[in-house]
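Data from run.json: JSON, C-alpha atoms
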[["chain", "number", "residue", "atom", "x", "y", "z"],
["A", 19, "MET", "CA", 247.46, 3.84, -29.60],
["A", 20, "LYS", "CA", 244.40, 1.92, -30.77],
["A", 21, "LYS", "CA", 242.41, 3.35, -27.86],
["A", 22, "ILE", "CA", 243.32, 6.91, -28.88],
["A", 23, "PHE", "CA", 242.21, 6.33, -32.50],
["A", 24, "LEU", "CA", 239.01, 4.69, -31.28],
["A", 25, "GLY", "CA", 238.26, 7.68, -28.98],
["A", 26, "LEU", "CA", 238.98, 10.17, -31.78],
["A", 27, "ALA", "CA", 236.80, 8.17, -34.17],
["A", 28, "ILE", "CA", 233.88, 8.24, -31.73],
["A", 29, "VAL", "CA", 234.24, 11.99, -31.06],
["A", 30, "GLY", "CA", 234.73, 12.71, -34.79],
["A", 31, "THR", "CA", 231.63, 10.71, -35.68],
["A", 32, "GLN", "CA", 229.55, 12.65, -33.17],
["A", 33, "LEU", "CA", 230.82, 15.97, -34.51],
["A", 34, "MET", "CA", 230.25, 14.87, -38.11],
["A", 35, "PHE", "CA", 226.62, 13.91, -37.50],
["A", 36, "ALA", "CA", 225.81, 16.86, -35.24],
["A", 37, "GLN", "CA", 223.08, 19.12, -36.58],
["A", 38, "LYS", "CA", 222.50, 22.78, -36.04],
["A", 39, "VAL", "CA", 218.96, 23.79, -35.11],
["A", 40, "THR", "CA", 217.77, 26.80, -37.11],
["A", 41, "GLY", "CA", 214.41, 28.51, -37.29],
["A", 42, "LEU", "CA", 213.18, 27.07, -34.01],
["A", 43, "LYS", "CA", 210.12, 28.84, -32.69],
["A", 44, "VAL", "CA", 208.88, 28.45, -29.12],
["A", 45, "GLU", "CA", 205.11, 28.25, -28.74],
["A", 46, "ASN", "CA", 203.39, 29.33, -25.57],
["A", 47, "ASN", "CA", 200.46, 27.01, -24.84],
["A", 48, "GLN", "CA", 199.24, 28.96, -21.85],
["A", 49, "LYS", "CA", 195.83, 30.51, -22.07],
["A", 50, "LYS", "CA", 195.49, 34.24, -22.35],
["A", 51, "GLU", "CA", 195.77, 36.24, -19.15],
["A", 52, "GLN", "CA", 192.56, 37.09, -17.36],
["A", 53, "PRO", "CA", 191.95, 40.73, -16.52],
["A", 54, "ALA", "CA", 193.08, 41.67, -13.04],
["A", 55, "THR", "CA", 189.61, 42.67, -11.89],
["A", 56, "ILE", "CA", 186.11, 41.35, -12.39],
["A", 57, "SER", "CA", 183.39, 43.75, -13.52],
["A", 58, "LYS", "CA", 180.75, 44.86, -11.00],
["A", 59, "ASP", "CA", 177.97, 43.23, -13.07],
["A", 60, "LYS", "CA", 179.73, 39.86, -12.98],
["A", 61, "VAL", "CA", 180.43, 40.18, -9.25],
["A", 62, "THR", "CA", 176.72, 40.90, -8.67],
["A", 63, "LEU", "CA", 175.74, 37.84, -10.74],
["A", 64, "TYR", "CA", 178.22, 35.62, -8.88],
["A", 65, "ASP", "CA", 177.13, 36.99, -5.50],
["A", 66, "ASP", "CA", 173.44, 36.43, -6.29],
["A", 67, "ASN", "CA", 174.13, 32.81, -7.24],
["A", 68, "PHE", "CA", 176.17, 32.30, -4.06],
["A", 69, "GLN", "CA", 173.42, 33.78, -1.88],
["A", 70, "THR", "CA", 170.89, 31.49, -3.62],
["A", 71, "PHE", "CA", 173.20, 28.56, -2.89],
["A", 72, "ILE", "CA", 173.44, 29.51, 0.81],
["A", 73, "LYS", "CA", 169.66, 29.92, 1.15],
["A", 74, "ALA", "CA", 169.06, 26.55, -0.52],
["A", 75, "LEU", "CA", 171.73, 24.96, 1.66],
["A", 76, "GLN", "CA", 170.13, 26.43, 4.78],
["A", 77, "SER", "CA", 166.74, 24.94, 3.92],
["A", 78, "SER", "CA", 168.35, 21.67, 2.71],
["A", 79, "ASP", "CA", 166.74, 22.17, -0.72],
["A", 80, "TYR", "CA", 169.20, 20.17, -2.81],
["A", 81, "LYS", "CA", 167.24, 20.67, -6.04],
["A", 82, "ALA", "CA", 167.70, 24.44, -5.74],
["A", 83, "VAL", "CA", 171.38, 23.90, -4.96],
["A", 84, "ASN", "CA", 171.70, 21.86, -8.15],
["A", 85, "GLU", "CA", 170.35, 24.77, -10.19],
["A", 86, "VAL", "CA", 173.23, 27.09, -9.27],
["A", 87, "LEU", "CA", 175.96, 24.44, -9.64],
["A", 88, "SER", "CA", 178.01, 24.18, -12.81],
["A", 89, "ASP", "CA", 177.46, 21.16, -15.04],
["A", 90, "LYS", "CA", 181.11, 20.20, -14.47],
["A", 91, "VAL", "CA", 180.55, 19.48, -10.77],
["A", 92, "LYS", "CA", 176.93, 18.27, -10.60],
["A", 93, "GLU", "CA", 178.01, 14.63, -10.89],
["A", 94, "ILE", "CA", 180.56, 14.97, -8.08],
["A", 95, "VAL", "CA", 178.45, 16.88, -5.58],
["A", 96, "THR", "CA", 176.26, 14.63, -3.44],
["A", 97, "GLU", "CA", 174.07, 15.36, -0.43],
["A", 98, "ASP", "CA", 176.88, 14.19, 1.85],
["A", 99, "VAL", "CA", 179.26, 16.72, 0.33],
["A", 100, "LEU", "CA", 176.69, 19.47, 0.77],
["A", 101, "LYS", "CA", 176.15, 18.47, 4.41],
["A", 102, "LYS", "CA", 179.91, 18.75, 5.01],
["A", 103, "VAL", "CA", 179.92, 22.24, 3.45],
["A", 104, "LYS", "CA", 176.92, 23.17, 5.61],
["A", 105, "ASP", "CA", 178.74, 21.92, 8.73],
["A", 106, "GLY", "CA", 181.85, 23.92, 7.81],
["A", 107, "ILE", "CA", 180.05, 27.28, 7.85],
["A", 108, "ASP", "CA", 177.26, 28.98, 9.74],
["A", 109, "VAL", "CA", 174.52, 29.26, 7.11],
["A", 110, "ASN", "CA", 172.30, 31.26, 9.47],
["A", 111, "LYS", "CA", 174.61, 34.28, 9.29],
["A", 112, "LYS", "CA", 174.76, 36.73, 6.39],
["A", 113, "PHE", "CA", 177.82, 36.84, 4.15],
["A", 114, "GLU", "CA", 179.51, 39.85, 2.62],
["A", 115, "ILE", "CA", 182.24, 40.05, 0.01],
["A", 116, "LEU", "CA", 185.75, 40.26, 1.40],
["A", 117, "LYS", "CA", 187.89, 39.91, -1.72],
["A", 118, "VAL", "CA", 187.38, 39.33, -5.45],
["A", 119, "GLY", "CA", 189.95, 37.69, -7.70],
["A", 120, "TYR", "CA", 190.79, 34.60, -9.69],
["A", 121, "TYR", "CA", 191.45, 31.00, -8.63],
["A", 122, "VAL", "CA", 193.88, 29.00, -10.75],
["A", 123, "THR", "CA", 193.00, 25.33, -11.01],
["A", 124, "MET", "CA", 195.44, 22.47, -11.44],
["A", 125, "ASP", "CA", 194.98, 22.44, -15.22],
["A", 126, "GLY", "CA", 196.17, 26.05, -15.41],
["A", 127, "SER", "CA", 192.82, 27.69, -16.14],
["A", 128, "SER", "CA", 191.67, 30.53, -13.95],
["A", 129, "HIS", "CA", 188.14, 31.04, -12.69],
["A", 130, "PRO", "CA", 186.49, 33.95, -10.87],
["A", 131, "ASN", "CA", 186.76, 33.62, -7.10],
["A", 132, "ILE", "CA", 185.01, 35.55, -4.34],
["A", 133, "LYS", "CA", 186.07, 35.30, -0.71],
["A", 134, "TYR", "CA", 183.36, 35.96, 1.85],
["A", 135, "LYS", "CA", 183.27, 36.86, 5.53],
["A", 136, "TYR", "CA", 180.38, 37.04, 7.96],
["A", 137, "ALA", "CA", 178.49, 40.34, 7.76],
["A", 138, "GLY", "CA", 179.16, 42.58, 10.75],
["A", 139, "ASP", "CA", 182.36, 40.73, 11.65],
["A", 140, "SER", "CA", 184.96, 43.38, 12.43],
["A", 141, "SER", "CA", 187.88, 41.05, 11.72],
["A", 142, "SER", "CA", 188.56, 40.63, 8.04],
["A", 143, "LYS", "CA", 188.87, 36.87, 8.37],
["A", 144, "GLU", "CA", 187.90, 34.74, 5.39],
["A", 145, "VAL", "CA", 185.08, 32.30, 6.13],
["A", 146, "ILE", "CA", 184.36, 30.81, 2.72],
["A", 147, "SER", "CA", 185.69, 31.01, -0.81],
["A", 148, "ALA", "CA", 183.45, 30.47, -3.84],
["A", 149, "VAL", "CA", 184.82, 29.62, -7.30],
["A", 150, "PHE", "CA", 182.58, 30.31, -10.29],
["A", 151, "ASP", "CA", 182.33, 29.30, -13.91],
["A", 152, "ASP", "CA", 182.32, 32.10, -16.50],
["A", 153, "ASP", "CA", 178.52, 31.89, -16.81],
["A", 154, "GLY", "CA", 178.08, 32.48, -13.06],
["A", 155, "LYS", "CA", 177.45, 28.92, -11.93],
["A", 156, "LEU", "CA", 179.30, 27.60, -8.86],
["A", 157, "LEU", "CA", 182.31, 25.38, -9.50],
["A", 158, "GLY", "CA", 183.36, 25.03, -5.89],
["A", 159, "VAL", "CA", 182.76, 26.23, -2.37],
["A", 160, "LEU", "CA", 185.71, 26.03, -0.01],
["A", 161, "PRO", "CA", 185.08, 26.70, 3.68],
["A", 162, "ALA", "CA", 188.12, 28.23, 5.36],
["A", 163, "LYS", "CA", 189.94, 26.11, 7.89],
["A", 164, "LYS", "CA", 188.88, 26.79, 11.46],
["A", 165, "ASP", "CA", 191.53, 27.74, 13.99],
["A", 166, "LYS", "CA", 191.93, 25.30, 16.82]]
Before anything else, please render the file you have as structure tokens.
Amino acid sequence: MKKIFLGLAIVGTQLMFAQKVTGLKVENNQKKEQPATISKDKVTLYDDNFQTFIKALQSSDYKAVNEVLSDKVKEIVTEDVLKKVKDGIDVNKKFEILKVGYYVTMDGSSHPNIKYKYAGDSSSKEVISAVFDDDGKLLGVLPAKKDK
């Protein structure tokens, strides 16, 4: 009998101190949606910076490469990293735009992204993907994985 009263007392206490939540408002902390397409002027700016990057990479002019890199990645990018990027692609071939869109980073922000293929290549196979900052500077260059 004592156990029943003890159980009822515990349940009654929980019900007595229960609170009803009113006026709760859910906030959405996500950033505003980016437009689905990138304007032609921006694509031209991004493409020009990418072509400058490729030319500087081809001639191993790392000072010129530094000029088109975003301030966010200048500290991370070393000559060894640039050599690995150079080894991952054929810098002697011309590149043409395959696809334009946005790349979502791990922190949830989206950045303009252009996927390139080799000019004159009949297959629409991605060779390299370039991620840009809003001001047109390069945030990242991702060579596509080679098929074995």
Inset, instruction - Between A:Val145, A:Ile22, A:Leu156, A:Ile72, single out the one closest to Asn131 of chain A, counting all atoms listed in the file. - result: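 Of the candidates, the smallest distance to Asn131 of chain A is held by A:Leu156.
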Could you give me, as a PDB file with C-alpha atoms, keeping the file's coordinate frame, the residues within 7 Å of segment 104-109 of chain A, counting all atoms listed in the file and dropping anything in the same chain fewer than 2 positions from it?
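Below is the file that was written, part.pdb:
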ATOM      1  CA  ILE A  72     173.440  29.510   0.810  1.00  0.00           C
ATOM      2  CA  LEU A  75     171.730  24.960   1.660  1.00  0.00           C
ATOM      3  CA  GLN A  76     170.130  26.430   4.780  1.00  0.00           C
ATOM      4  CA  LEU A 100     176.690  19.470   0.770  1.00  0.00           C
ATOM      5  CA  LYS A 101     176.150  18.470   4.410  1.00  0.00           C
ATOM      6  CA  LYS A 102     179.910  18.750   5.010  1.00  0.00           C
ATOM      7  CA  LYS A 111     174.610  34.280   9.290  1.00  0.00           C
ATOM      8  CA  PRO A 161     185.080  26.700   3.680  1.00  0.00           C
TER       9      PRO A 161
END
Nearby residues (all atoms listed in the file) at most 12 Å from Asp89 of chain A, same-chain spacing under 4 positions excluded, as an mmCIF file with C-alpha atoms, keeping the file's coordinate frame:
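What ended up in out-v5.cif:
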data_model
loop_
_atom_site.group_PDB
_atom_site.id
_atom_site.type_symbol
_atom_site.label_atom_id
_atom_site.label_comp_id
_atom_site.auth_asym_id
_atom_site.auth_seq_id
_atom_site.Cartn_x
_atom_site.Cartn_y
_atom_site.Cartn_z
ATOM 1 C CA ASN A 84 171.700 21.860 -8.150
ATOM 2 C CA GLU A 85 170.350 24.770 -10.190
ATOM 3 C CA GLU A 93 178.010 14.630 -10.890
ATOM 4 C CA ILE A 94 180.560 14.970 -8.080
ATOM 5 C CA VAL A 95 178.450 16.880 -5.580
ATOM 6 C CA PHE A 150 182.580 30.310 -10.290
ATOM 7 C CA ASP A 151 182.330 29.300 -13.910
ATOM 8 C CA ASP A 153 178.520 31.890 -16.810
ATOM 9 C CA GLY A 154 178.080 32.480 -13.060
ATOM 10 C CA LYS A 155 177.450 28.920 -11.930
ATOM 11 C CA LEU A 156 179.300 27.600 -8.860
ATOM 12 C CA LEU A 157 182.310 25.380 -9.500
ATOM 13 C CA GLY A 158 183.360 25.030 -5.890
#
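Picture a line from atom CA of Val99 of chain A to atom CA of Val61 of chain A; it runs 25.4 Å.
The neighbours of Gly138 of chain A here are the residues that come within 12 Å of it, using all atoms listed in the file and leaving out any residue fewer than 6 positions away in the same chain; they are Lys111, Lys112, Phe113, Glu114, Ile115 and Leu116 of chain A.
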Could you write out that same residue set with C-alpha atoms as a PDB file, keeping the file's coordinate frame?
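What follows is the written file selection-v3.pdb:
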ATOM      1  CA  LYS A 111     174.610  34.280   9.290  1.00  0.00           C
ATOM      2  CA  LYS A 112     174.760  36.730   6.390  1.00  0.00           C
ATOM      3  CA  PHE A 113     177.820  36.840   4.150  1.00  0.00           C
ATOM      4  CA  GLU A 114     179.510  39.850   2.620  1.00  0.00           C
ATOM      5  CA  ILE A 115     182.240  40.050   0.010  1.00  0.00           C
ATOM      6  CA  LEU A 116     185.750  40.260   1.400  1.00  0.00           C
TER       7      LEU A 116
END
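In this model, the gap between atom CA of Met124 of chain A and atom CA of Leu87 of chain A comes to 19.7 Å.
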Inset, instruction - Please measure the separation of atom CA of Lys117 of chain A and atom CA of Ile146 of chain A, giving the value in Å to one decimal. - result: 10.7 Å
Inset, instruction - Select, from A:Tyr120, A:Phe23, A:Phe71, A:Asp65, the residue with the minimum atom-to-atom distance to Tyr134 of chain A, counting all atoms listed in the file. - result: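 Between A:Tyr120, A:Phe23, A:Phe71, A:Asp65, the residue approaching Tyr134 of chain A most closely is A:Asp65.
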Inset, instruction - Considering all atoms listed in the file, state which residue in the set A:Val44, A:Tyr136, A:Tyr64, A:Asn110 is at the smallest distance from Val149 of chain A. - result: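 Looking at the shortest contact to Val149 of chain A, the residue is A:Tyr64.
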Inset, instruction - Find, counting only C-alpha atoms, the residue in A:Lys58, A:Ser78, A:Phe68, A:Lys133 that gets nearest to Gly119 of chain A. - result: A:Lys133
